[in-house]
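Trainee: Take a look at protein17.txt, compact mmCIF, C-alpha atoms and all ligand atoms:
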```txt
# COMPACT_ATOMS: atom_id res chain seq x y z
CA ALA M 200 102.88 103.19 66.79
CA GLN M 201 102.82 100.17 69.02
CA THR M 202 101.17 100.64 72.40
CA LEU M 203 100.74 98.39 75.38
CA LYS M 204 97.15 97.74 74.36
CA SER M 205 98.00 96.88 70.76
CA ALA M 206 100.68 94.49 72.01
CA ALA M 207 98.22 92.88 74.47
CA ALA M 208 95.49 92.61 71.84
CA SER M 209 97.87 90.81 69.49
CA LYS M 210 97.89 87.99 72.07
CA GLY M 211 94.16 88.14 72.86
CA LYS M 212 94.76 89.73 76.27
CA TYR M 213 93.92 93.09 77.81
CA VAL M 214 96.25 95.46 79.62
CA GLY M 215 94.84 97.57 82.44
CA THR M 216 95.77 100.41 84.72
CA ILE M 217 94.20 102.27 87.64
CA THR M 218 92.59 105.64 87.82
CA ASP M 219 90.85 107.99 90.23
CA PRO M 220 88.58 111.03 89.83
CA ALA M 221 91.59 113.16 90.76
CA TYR M 222 93.30 112.02 87.54
CA ILE M 223 90.15 112.12 85.41
CA ASN M 224 89.10 115.61 86.47
CA GLY M 225 92.34 117.00 87.77
CA SER M 226 95.20 119.07 86.49
CA ASP M 227 97.41 116.07 85.65
CA ARG M 228 96.34 115.63 82.04
CA THR M 229 99.37 113.47 81.22
CA TYR M 230 98.15 110.69 83.49
CA ASN M 231 94.79 110.68 81.75
CA THR M 232 96.28 110.78 78.26
CA ILE M 233 98.59 107.83 78.91
CA ALA M 234 95.76 105.85 80.49
CA LEU M 235 93.65 106.37 77.37
CA ASN M 236 96.41 105.81 74.81
CA GLU M 237 98.09 102.78 76.31
CA PHE M 238 95.48 100.78 78.25
CA ASN M 239 92.11 99.19 77.54
CA TYR M 240 91.02 98.11 81.04
CA VAL M 241 90.83 100.08 84.23
CA SER M 242 90.39 99.59 87.98
CA ALA M 243 89.43 102.35 90.39
CA GLU M 244 92.42 102.82 92.70
CA ASN M 245 90.19 103.60 95.70
CA SER M 246 86.74 104.77 94.58
CA MET M 247 84.92 101.43 94.76
CA LYS M 248 86.25 100.31 98.14
CA TRP M 249 83.73 99.83 100.94
CA ASP M 250 84.76 102.94 102.92
CA ALA M 251 84.41 105.06 99.79
CA ILE M 252 81.13 103.66 98.53
CA GLU M 253 79.11 102.78 101.67
CA PRO M 254 80.54 104.95 104.45
CA SER M 255 77.48 104.41 106.66
CA ASN M 256 75.11 101.46 106.87
CA GLY M 257 72.85 101.75 103.82
CA GLY M 258 74.30 105.20 103.04
CA PHE M 259 75.90 104.99 99.60
CA SER M 260 78.21 107.57 98.10
CA TRP M 261 78.35 107.09 94.35
CA ASN M 262 80.03 110.18 92.93
CA ASN M 263 83.59 108.94 92.65
CA ALA M 264 82.75 105.45 91.44
CA ASP M 265 80.28 106.91 88.93
CA THR M 266 83.01 109.21 87.62
CA VAL M 267 85.32 106.26 86.96
CA VAL M 268 82.58 104.12 85.38
CA ASN M 269 81.33 106.93 83.12
CA TRP M 270 84.87 107.82 82.04
CA ALA M 271 85.66 104.19 81.22
CA GLN M 272 82.44 103.74 79.26
CA GLN M 273 82.93 106.95 77.29
CA ASN M 274 86.42 105.79 76.36
CA ASN M 275 85.65 102.15 75.56
CA MET M 276 87.69 100.81 78.45
CA LYS M 277 86.49 97.74 80.30
CA ILE M 278 86.39 97.81 84.07
CA ARG M 279 87.61 95.58 86.88
CA GLY M 280 85.45 96.33 89.92
CA HIS M 281 87.72 96.53 92.96
CA THR M 282 86.60 95.50 95.56
CA LEU M 283 83.48 94.38 97.46
CA VAL M 284 84.55 92.52 100.62
CA TRP M 285 87.97 93.39 102.09
CA HIS M 286 89.27 93.84 105.64
CA SER M 287 91.13 97.03 104.66
CA GLN M 288 89.60 100.38 103.70
CA LEU M 289 86.56 98.99 105.48
CA PRO M 290 84.42 101.58 107.29
CA SER M 291 84.44 101.31 111.06
CA TRP M 292 80.70 100.68 111.15
CA VAL M 293 81.45 97.30 109.54
CA ALA M 294 84.82 96.58 111.14
CA ASN M 295 83.68 97.44 114.67
CA GLY M 296 80.01 96.44 114.56
CA SER M 297 78.77 93.80 116.99
CA TRP M 298 77.47 91.36 114.41
CA SER M 299 75.85 87.99 114.49
CA LYS M 300 76.26 85.74 111.45
CA SER M 301 72.77 86.70 110.43
CA THR M 302 73.18 90.47 110.66
CA LEU M 303 76.61 90.44 108.98
CA THR M 304 75.18 88.25 106.21
CA THR M 305 72.55 90.90 105.53
CA VAL M 306 75.20 93.64 105.51
CA ILE M 307 77.38 91.74 103.00
CA GLN M 308 74.42 90.84 100.78
CA ASN M 309 73.11 94.40 100.78
CA HIS M 310 76.53 95.87 99.96
CA VAL M 311 77.27 93.42 97.14
CA ARG M 312 73.77 93.62 95.66
CA THR M 313 73.50 97.41 95.79
CA VAL M 314 76.91 98.16 94.31
CA MET M 315 76.78 95.50 91.60
CA THR M 316 73.21 96.35 90.63
CA ARG M 317 74.06 100.00 90.10
CA TYR M 318 76.79 99.04 87.62
CA LYS M 319 75.12 95.92 86.22
CA GLY M 320 76.37 95.21 82.70
CA LYS M 321 79.05 97.89 82.97
CA ILE M 322 81.73 96.08 84.98
CA ALA M 323 83.34 93.10 83.29
CA GLN M 324 85.08 91.59 86.32
CA TRP M 325 84.61 92.04 90.06
CA ASP M 326 87.05 91.32 92.87
CA VAL M 327 84.28 89.95 95.09
CA VAL M 328 86.62 89.23 97.98
CA ASN M 329 90.15 90.55 98.48
CA GLU M 330 93.08 89.43 100.66
CA ILE M 331 91.25 86.87 102.82
CA PHE M 332 94.27 84.59 103.43
CA ASP M 333 97.13 84.77 105.89
CA GLU M 334 100.60 83.88 104.62
CA SER M 335 100.21 80.18 105.44
CA GLY M 336 96.95 79.91 103.51
CA GLY M 337 94.64 80.00 106.52
CA ALA M 338 92.02 82.64 107.26
CA ARG M 339 93.30 86.16 107.72
CA SER M 340 91.88 87.64 110.89
CA SER M 341 89.08 90.09 110.04
CA VAL M 342 85.58 90.90 111.20
CA PHE M 343 84.38 88.49 108.50
CA SER M 344 86.51 85.48 109.46
CA ARG M 345 85.84 86.09 113.17
CA VAL M 346 82.05 86.31 112.91
CA PHE M 347 81.75 83.38 110.49
CA GLY M 348 84.48 81.27 112.10
CA GLY M 349 86.53 80.87 108.90
CA LEU M 350 86.37 81.71 105.22
CA ASP M 351 83.97 79.34 103.50
CA GLU M 352 80.72 80.76 104.76
CA PHE M 353 81.24 84.46 104.08
CA VAL M 354 82.97 83.82 100.75
CA THR M 355 79.96 81.72 99.70
CA ILE M 356 77.54 84.45 100.79
CA ALA M 357 79.46 87.13 98.89
CA PHE M 358 79.81 85.16 95.63
CA ASN M 359 76.18 84.03 95.62
CA ALA M 360 75.06 87.63 96.11
CA ALA M 361 77.40 88.75 93.35
CA ARG M 362 76.19 86.21 90.79
CA ALA M 363 72.58 87.07 91.56
CA ALA M 364 73.23 90.81 91.14
CA ASP M 365 75.05 90.65 87.77
CA PRO M 366 75.10 87.20 86.14
CA SER M 367 77.29 88.46 83.29
CA ALA M 368 80.21 89.66 85.45
CA ILE M 369 83.32 87.52 85.88
CA LEU M 370 83.64 86.97 89.63
CA CYS M 371 87.15 86.87 91.09
CA ILE M 372 88.86 86.16 94.38
CA ASN M 373 91.96 88.33 94.62
CA ASP M 374 95.11 88.22 96.77
CA TYR M 375 98.84 89.00 96.96
CA ASN M 376 101.85 86.75 97.50
CA LEU M 377 100.42 84.23 95.06
CA ASP M 378 103.65 84.73 93.12
CA TYR M 379 105.37 81.52 94.19
CA SER M 380 104.41 78.04 95.28
CA GLY M 381 103.76 77.80 98.99
CA GLY M 382 101.14 77.79 101.67
CA LYS M 383 99.23 80.85 100.57
CA ALA M 384 98.84 79.81 96.92
CA THR M 385 97.95 76.29 98.03
CA GLY M 386 95.35 77.65 100.45
CA MET M 387 93.81 79.67 97.61
CA VAL M 388 93.74 76.72 95.21
CA ASN M 389 92.20 74.43 97.83
CA LEU M 390 89.51 76.91 98.89
CA VAL M 391 88.51 77.68 95.31
CA LYS M 392 88.33 74.00 94.33
CA ARG M 393 86.32 73.15 97.44
CA LEU M 394 83.81 75.97 97.04
CA LYS M 395 83.43 75.48 93.29
CA ALA M 396 82.72 71.78 93.93
CA ASN M 397 79.89 72.98 96.18
CA GLY M 398 78.48 75.21 93.45
CA VAL M 399 79.84 78.55 94.63
CA PRO M 400 80.11 80.81 91.55
CA ILE M 401 83.82 81.68 91.59
CA ASP M 402 85.05 82.30 88.03
CA CYS M 403 88.55 83.56 88.45
CA ILE M 404 91.52 84.03 90.77
CA GLY M 405 93.25 87.40 90.70
CA SER M 406 96.94 87.45 91.50
CA GLN M 407 97.91 90.98 92.54
CA ALA M 408 101.62 90.49 91.73
CA HIS M 409 103.25 93.23 93.77
CA LEU M 410 106.76 92.03 92.92
CA MET M 411 110.35 93.04 93.71
CA VAL M 412 113.04 93.71 91.12
CA GLY M 413 115.38 90.72 90.74
CA GLN M 414 113.24 88.52 92.96
CA VAL M 415 110.57 87.13 90.68
CA SER M 416 110.24 83.50 91.70
CA SER M 417 111.13 80.70 89.32
CA SER M 418 107.70 79.30 90.25
CA PHE M 419 105.80 82.48 89.25
CA SER M 420 104.47 81.01 86.03
CA SER M 421 103.68 77.51 87.31
CA THR M 422 101.86 79.03 90.30
CA LEU M 423 99.79 81.30 88.05
CA SER M 424 98.96 78.23 85.99
CA SER M 425 97.71 76.37 89.07
CA LEU M 426 95.52 79.36 90.04
CA CYS M 427 94.09 79.49 86.52
CA SER M 428 93.32 75.77 86.55
CA ALA M 429 91.65 75.84 89.96
CA ALA M 430 89.28 78.68 89.11
CA GLY M 431 88.94 78.20 85.35
CA LYS M 432 90.24 81.72 84.74
CA CYS M 433 92.88 83.98 86.27
CA ALA M 434 94.28 87.47 85.86
CA ILE M 435 97.25 89.50 87.03
CA THR M 436 95.42 92.32 88.78
CA GLU M 437 97.85 94.79 90.39
CA LEU M 438 101.27 94.32 88.81
CA ASP M 439 104.11 96.53 89.97
CA ILE M 440 107.80 95.68 90.51
CA ARG M 441 109.45 97.76 93.19
CA ALA M 442 113.09 98.47 93.98
CA LYS M 443 115.15 100.27 96.57
CA THR M 444 115.22 103.90 95.54
CA PRO M 445 116.91 105.44 93.72
CA ILE M 446 116.82 102.56 91.26
CA SER M 447 120.15 101.92 89.49
CA SER M 448 120.58 101.46 85.75
CA SER M 449 121.14 97.75 86.24
CA GLY M 450 117.98 97.77 88.38
CA LEU M 451 116.07 99.33 85.50
CA SER M 452 117.20 96.64 83.13
CA GLN M 453 116.46 93.84 85.60
CA GLN M 454 113.01 95.41 86.06
CA GLN M 455 112.50 95.28 82.29
CA THR M 456 113.26 91.55 82.35
CA ASP M 457 110.98 91.02 85.34
CA TYR M 458 108.03 92.79 83.66
CA THR M 459 108.53 90.53 80.63
CA THR M 460 108.53 87.45 82.86
CA ALA M 461 105.33 88.44 84.65
CA VAL M 462 103.42 89.41 81.51
CA ARG M 463 104.55 86.34 79.59
CA ALA M 464 103.30 84.05 82.36
CA CYS M 465 99.79 85.32 81.61
CA VAL M 466 100.23 85.27 77.84
CA ASN M 467 101.28 81.62 78.00
CA LEU M 468 97.98 80.61 79.65
CA SER M 469 94.92 80.53 77.40
CA ASN M 470 92.65 81.16 80.39
CA CYS M 471 94.62 84.10 81.84
CA LEU M 472 92.43 87.07 80.95
CA GLY M 473 94.95 89.89 81.07
CA VAL M 474 97.33 92.02 83.07
CA THR M 475 96.55 95.14 85.10
CA VAL M 476 99.48 97.36 86.11
CA TRP M 477 98.86 99.15 89.43
CA GLY M 478 99.58 102.64 88.15
CA ILE M 479 101.37 104.54 85.41
CA THR M 480 103.98 106.84 86.91
CA ASP M 481 106.37 106.30 89.81
CA SER M 482 105.34 109.69 91.17
CA ARG M 483 101.81 108.46 91.89
CA SER M 484 102.52 104.89 92.99
CA TRP M 485 101.27 103.60 96.36
CA ILE M 486 104.61 101.84 97.01
CA PRO M 487 106.70 104.60 98.69
CA GLN M 488 103.96 105.24 101.27
CA VAL M 489 103.82 101.60 102.31
CA PHE M 490 107.33 100.21 101.68
CA SER M 491 109.82 102.60 103.17
CA GLY M 492 112.82 103.29 100.92
CA GLU M 493 111.25 101.48 97.97
CA GLY M 494 109.50 102.64 94.80
CA ALA M 495 110.27 103.08 91.10
CA ALA M 496 107.86 100.20 90.50
CA LEU M 497 106.00 101.36 87.38
CA PRO M 498 106.65 101.67 83.61
CA TRP M 499 106.88 105.48 83.55
CA ASP M 500 109.23 107.44 85.80
CA GLY M 501 108.18 110.41 87.91
CA SER M 502 108.49 112.75 84.90
CA TYR M 503 106.48 110.47 82.60
CA ASN M 504 109.49 109.19 80.69
CA LYS M 505 109.06 105.59 79.55
CA LYS M 506 111.36 103.30 81.49
CA PRO M 507 112.90 100.05 80.18
CA ALA M 508 109.99 98.39 82.00
CA TYR M 509 107.67 99.71 79.29
CA SER M 510 109.55 97.75 76.61
CA GLY M 511 109.58 94.82 78.99
CA ILE M 512 105.78 94.75 79.01
CA ILE M 513 105.63 95.01 75.21
CA ALA M 514 108.12 92.16 74.94
CA GLY M 515 106.06 90.03 77.35
CA PHE M 516 103.07 90.32 75.08
C1 LIG M 601 96.16 100.86 97.49
C2 LIG M 601 96.03 102.18 96.76
O1 LIG M 601 96.88 102.16 95.64
C3 LIG M 601 96.37 103.33 97.69
O2 LIG M 601 96.05 104.58 97.07
C4 LIG M 601 95.59 103.22 99.00
O3 LIG M 601 96.02 104.22 99.89
C5 LIG M 601 95.77 101.85 99.62
O4 LIG M 601 95.40 100.86 98.68
N1 LIG M 601 96.23 95.74 97.39
C6 LIG M 601 95.01 96.17 96.91
C7 LIG M 601 94.83 97.58 96.49
O5 LIG M 601 94.11 95.33 96.72
O6 LIG M 601 93.50 98.02 96.70
C8 LIG M 601 95.81 98.49 97.19
O7 LIG M 601 95.67 99.81 96.66
C9 LIG M 601 97.23 97.98 97.04
C10 LIG M 601 97.36 96.61 97.66
```
As structure tokens, how would this structure be written, given the file I've shared?

Mentor:
Amino acid sequence: AQTLKSAAASKGKYVGTITDPAYINGSDRTYNTIALNEFNYVSAENSMKWDAIEPSNGGFSWNNADTVVNWAQQNNMKIRGHTLVWHSQLPSWVANGSWSKSTLTTVIQNHVRTVMTRYKGKIAQWDVVNEIFDESGGARSSVFSRVFGGLDEFVTIAFNAARAADPSAILCINDYNLDYSGGKATGMVNLVKRLKANGVPIDCIGSQAHLMVGQVSSSFSSTLSSLCSAAGKCAITELDIRAKTPISSSGLSQQQTDYTTAVRACVNLSNCLGVTVWGITDSRSWIPQVFSGEGAALPWDGSYNKKPAYSGIIAGF
């Protein structure tokens, strides 16, 4: 039977999902079975974030990330490493440290080198930096942008450390609200072009694509194309399409259309690597915790029935 991964492969793309040790080892076997049957790429939902992997300075906690990497390798799934440098899910020893440029440089280099070296050759793509822009395309306020006085310096430090640690990994810069033309997408394109011109090893831009049913921009595909051109490669890294809950039947069919639109935008670009969907079932999606009154964003409903969105993804490929 056709699966998401057979549909993606027919267009030379991958289709990914997320997992967590709770799903790999836990009582929810359906999650694990669908992940294995339908997808051929995986991101750790939380296990590779800085607070999970280096909770104290130089104190690394590998169990959960190892579980995801071993599971993926045993099942022939490729991995997107998510994520090395991010203002969120950042342990307080980093966020609240009193750093100079020099000491924070060492902290970033040590984190990137240690994590990437452990999984060298096992992780196909890394989100080296995540969500560094504000909505107008300037620097988001974070310990990193404050200490370095902007983005260029710490992004350069992180990507150089990443390339040195695993020269075979595809190195990405990842963000959300790159789904339409505007200040944020322009800021991303300009930063990536500028740094690449200076020899910074950025290979790819990741567009998270946390979308809303019925509101996919008419510039979604042209914007993805401009991201792909600026970096040389791009990927859709966290696709979900949320609605007010409960979602109506017309909402479900609009969502199907919207999934097709998003997936097809990647398929139409030879240098778009693939599409990762940020979850499997609506019952385990991050959306209801963060967007009050919204959810129903994924291709399987809370009881693991395929929604029209599932066919929408197949149709996009
Ligand atoms: C989310 C996870 O899905 C949640 O489990 C967690 O509580 C918060 O983070 N952008 C990202 C992802 O880059 O790492 C986020 O994942 C969703 C938004």

Trainee: Quick one: pull the distance between CA of Ala221 (chain M) and CA of Asn504 (chain M), Å, one decimal.

Mentor: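 Rounded to one decimal, the two atoms are 20.9 Å apart.
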
Trainee: Could you give me, as a list of chain:residue names, the residues within 7 Å of Ala496 (chain M), counting all atoms listed in the file and dropping anything in the same chain fewer than 6 positions from it?

Mentor: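 Counting all atoms listed in the file, the residues come to M:Asp439, M:Ile440, M:Arg441, M:Ala442, M:Asp481.
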
Trainee: As an mmCIF file with C-alpha atoms, keeping the file's coordinate frame, please: the residues near Ser425 (chain M) (cut-off 9 Å, only C-alpha atoms, same-chain neighbours under 6 positions excluded).

Mentor:
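Okay, this is what ended up in out.cif:
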```cif
data_model
loop_
_atom_site.group_PDB
_atom_site.id
_atom_site.type_symbol
_atom_site.label_atom_id
_atom_site.label_comp_id
_atom_site.auth_asym_id
_atom_site.auth_seq_id
_atom_site.Cartn_x
_atom_site.Cartn_y
_atom_site.Cartn_z
ATOM 1 C CA ALA M 384 98.840 79.810 96.920
ATOM 2 C CA THR M 385 97.950 76.290 98.030
ATOM 3 C CA VAL M 388 93.740 76.720 95.210
#
```

Trainee: Let me have all residues with an atom within 8 Å of ligand LIG 601 (chain M), counting only C-alpha atoms and all ligand atoms, laid out as number ranges by chain.

Mentor: M: 244-245, 248, 281-282, 288, 329-330, 373-375, 407, 409, 437, 477-478, 484-486

Trainee: Choose the residue, out of M:Leu472, M:Ala294, M:Ala408, M:Ala495, that has the smallest atom-to-atom separation from Ser447 (chain M); count all atoms listed in the file.

Mentor: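 Of all the options, M:Ala495 lies closest to Ser447 (chain M).
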
Trainee: Draw an axis-aligned box over all listed atoms of region 416-427 of chain M, pad each side with 5 Å, and write its centre and edge lengths in Å, one decimal, as lines of an AutoDock Vina configuration file.

Mentor:
```
center_x = 102.6
center_y = 79.9
center_z = 88.8
size_x = 27.0
size_y = 17.1
size_z = 15.7
```

Trainee: Pick the closest to Gln454 (chain M) from M:Phe490, M:Tyr503, M:Tyr509, M:Phe238: which is it, counting all atoms listed in the file?

Mentor: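 Of M:Phe490, M:Tyr503, M:Tyr509, M:Phe238, the one nearest Gln454 (chain M) is M:Tyr509, counting all atoms listed in the file.
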
Trainee: Between M:Asn467, M:Asn224, M:Ser344, M:Thr313, which has the minimum distance to Gly211 (chain M) (counting all atoms listed in the file)?

Mentor: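 Among M:Asn467, M:Asn224, M:Ser344, M:Thr313, it is M:Asn467 that comes nearest to Gly211 (chain M).
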
Trainee: List as a PDB file with C-alpha atoms, in the frame of the given file the protein and nucleic acid residues near region 262-272 of chain M, meaning an atom at most 6 Å away when only C-alpha atoms are counted, but skip any in the same chain fewer than 3 places from it.

Mentor:
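File produced: result.pdb:
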```
ATOM      1  CA  SER M 246      86.740 104.770  94.580  1.00  0.00           C
ATOM      2  CA  MET M 247      84.920 101.430  94.760  1.00  0.00           C
ATOM      3  CA  ASN M 275      85.650 102.150  75.560  1.00  0.00           C
ATOM      4  CA  MET M 276      87.690 100.810  78.450  1.00  0.00           C
TER       5      MET M 276
END
```

Trainee: Using only C-alpha atoms, pick whichever of M:Cys427, M:Val476, M:Ala514, M:Ile404 has the shortest atom-to-atom distance to Leu370 (chain M).

Mentor: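 Between M:Cys427, M:Val476, M:Ala514, M:Ile404, the residue approaching Leu370 (chain M) most closely is M:Ile404.
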
Trainee: If I take CA of Ile217 (chain M) and CA of Gly431 (chain M), how far is one from the other in Å, to one decimal?

Mentor: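 Separation of CA of Ile217 (chain M) and CA of Gly431 (chain M): 24.7 Å.
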
Trainee: Nearest residue to Phe358 (chain M) out of M:Tyr240, M:Trp292, M:Trp325, M:Trp261, using all atoms listed in the file?

Mentor: M:Trp325

Trainee: Please, what distance in Å, to one decimal, runs between CA of Arg312 (chain M) and CA of Met387 (chain M)?

Mentor: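 Separating CA of Arg312 (chain M) from CA of Met387 (chain M) is a distance of 24.5 Å.
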
Trainee: Skip Leu390 (chain M) itself and residues of its chain fewer than 5 positions away, then list as a PDB file with C-alpha atoms, in the frame of the given file all residues within 10 Å of it, counting all atoms listed in the file.

Mentor:
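Now in result_37.pdb:
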```
ATOM      1  CA  GLY M 336      96.950  79.910 103.510  1.00  0.00           C
ATOM      2  CA  GLY M 337      94.640  80.000 106.520  1.00  0.00           C
ATOM      3  CA  LEU M 350      86.370  81.710 105.220  1.00  0.00           C
ATOM      4  CA  ASP M 351      83.970  79.340 103.500  1.00  0.00           C
ATOM      5  CA  VAL M 354      82.970  83.820 100.750  1.00  0.00           C
ATOM      6  CA  ALA M 384      98.840  79.810  96.920  1.00  0.00           C
ATOM      7  CA  THR M 385      97.950  76.290  98.030  1.00  0.00           C
ATOM      8  CA  LYS M 395      83.430  75.480  93.290  1.00  0.00           C
ATOM      9  CA  ALA M 396      82.720  71.780  93.930  1.00  0.00           C
ATOM     10  CA  ALA M 429      91.650  75.840  89.960  1.00  0.00           C
ATOM     11  CA  ALA M 430      89.280  78.680  89.110  1.00  0.00           C
TER      12      ALA M 430
END
```

Trainee: Measuring between only C-alpha atoms, which one of M:Phe516, M:Leu423, M:Ser428, M:Lys443 shows the shortest distance to Tyr379 (chain M)?

Mentor: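 Between M:Phe516, M:Leu423, M:Ser428, M:Lys443, the residue approaching Tyr379 (chain M) most closely is M:Leu423.
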
Trainee: Quick one: everything within 9 Å of Ser510 (chain M), counting only C-alpha atoms, minus sequence neighbours fewer than 2 positions away in the same chain. Send it as a PDB file with C-alpha atoms, keeping the file's coordinate frame.

Mentor:
```pdb
ATOM      1  CA  LEU M 203     100.740  98.390  75.380  1.00  0.00           C
ATOM      2  CA  GLN M 455     112.500  95.280  82.290  1.00  0.00           C
ATOM      3  CA  TYR M 458     108.030  92.790  83.660  1.00  0.00           C
ATOM      4  CA  THR M 459     108.530  90.530  80.630  1.00  0.00           C
ATOM      5  CA  PRO M 498     106.650 101.670  83.610  1.00  0.00           C
ATOM      6  CA  LYS M 505     109.060 105.590  79.550  1.00  0.00           C
ATOM      7  CA  LYS M 506     111.360 103.300  81.490  1.00  0.00           C
ATOM      8  CA  PRO M 507     112.900 100.050  80.180  1.00  0.00           C
ATOM      9  CA  ALA M 508     109.990  98.390  82.000  1.00  0.00           C
ATOM     10  CA  ILE M 512     105.780  94.750  79.010  1.00  0.00           C
ATOM     11  CA  ILE M 513     105.630  95.010  75.210  1.00  0.00           C
ATOM     12  CA  ALA M 514     108.120  92.160  74.940  1.00  0.00           C
ATOM     13  CA  GLY M 515     106.060  90.030  77.350  1.00  0.00           C
TER      14      GLY M 515
END
```

Trainee: Once N, CA and C atoms are restored for region 208-230 of chain M, what would the output be as a short mmCIF file (atom, residue, chain, number, x, y, z; two decimals), in the frame of the given file?

Mentor:
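This went into rebuild17.cif:
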```cif
data_model
loop_
_atom_site.label_atom_id
_atom_site.label_comp_id
_atom_site.auth_asym_id
_atom_site.auth_seq_id
_atom_site.Cartn_x
_atom_site.Cartn_y
_atom_site.Cartn_z
N ALA M 208 96.55 93.11 72.73
CA ALA M 208 95.49 92.61 71.84
C ALA M 208 96.04 91.60 70.84
N SER M 209 97.29 91.76 70.45
CA SER M 209 97.87 90.81 69.49
C SER M 209 97.95 89.41 70.09
N LYS M 210 97.88 89.30 71.40
CA LYS M 210 97.89 87.99 72.07
C LYS M 210 96.53 87.65 72.67
N GLY M 211 95.51 88.42 72.34
CA GLY M 211 94.16 88.14 72.86
C GLY M 211 93.99 88.47 74.33
N LYS M 212 94.84 89.34 74.86
CA LYS M 212 94.76 89.73 76.27
C LYS M 212 94.44 91.22 76.37
N TYR M 213 94.04 91.66 77.56
CA TYR M 213 93.92 93.09 77.81
C TYR M 213 95.09 93.56 78.66
N VAL M 214 95.29 94.87 78.69
CA VAL M 214 96.25 95.46 79.62
C VAL M 214 95.56 96.63 80.32
N GLY M 215 95.58 96.59 81.65
CA GLY M 215 94.84 97.57 82.44
C GLY M 215 95.73 98.45 83.28
N THR M 216 95.12 99.54 83.75
CA THR M 216 95.77 100.41 84.72
C THR M 216 94.74 100.82 85.77
N ILE M 217 95.12 101.74 86.63
CA ILE M 217 94.20 102.27 87.64
C ILE M 217 93.95 103.75 87.37
N THR M 218 92.80 104.21 87.84
CA THR M 218 92.59 105.64 87.82
C THR M 218 91.77 106.07 89.04
N ASP M 219 91.53 107.37 89.10
CA ASP M 219 90.85 107.99 90.23
C ASP M 219 90.24 109.29 89.70
N PRO M 220 89.14 109.75 90.28
CA PRO M 220 88.58 111.03 89.83
C PRO M 220 89.60 112.17 89.84
N ALA M 221 90.57 112.10 90.73
CA ALA M 221 91.59 113.16 90.76
C ALA M 221 92.38 113.21 89.46
N TYR M 222 92.56 112.04 88.81
CA TYR M 222 93.30 112.02 87.54
C TYR M 222 92.36 112.32 86.37
N ILE M 223 91.11 111.90 86.51
CA ILE M 223 90.15 112.12 85.41
C ILE M 223 89.79 113.60 85.32
N ASN M 224 89.56 114.22 86.45
CA ASN M 224 89.10 115.61 86.47
C ASN M 224 90.20 116.61 86.78
N GLY M 225 91.36 116.12 87.16
CA GLY M 225 92.34 117.00 87.77
C GLY M 225 93.27 117.67 86.78
N SER M 226 94.29 118.28 87.31
CA SER M 226 95.20 119.07 86.49
C SER M 226 96.26 118.20 85.81
N ASP M 227 96.40 116.93 86.25
CA ASP M 227 97.41 116.07 85.65
C ASP M 227 96.85 115.42 84.38
N ARG M 228 96.92 116.16 83.28
CA ARG M 228 96.34 115.63 82.04
C ARG M 228 97.20 114.52 81.45
N THR M 229 98.49 114.50 81.78
CA THR M 229 99.37 113.47 81.22
C THR M 229 98.94 112.08 81.68
N TYR M 230 98.60 111.99 82.97
CA TYR M 230 98.15 110.69 83.49
C TYR M 230 96.98 110.18 82.66
#
```
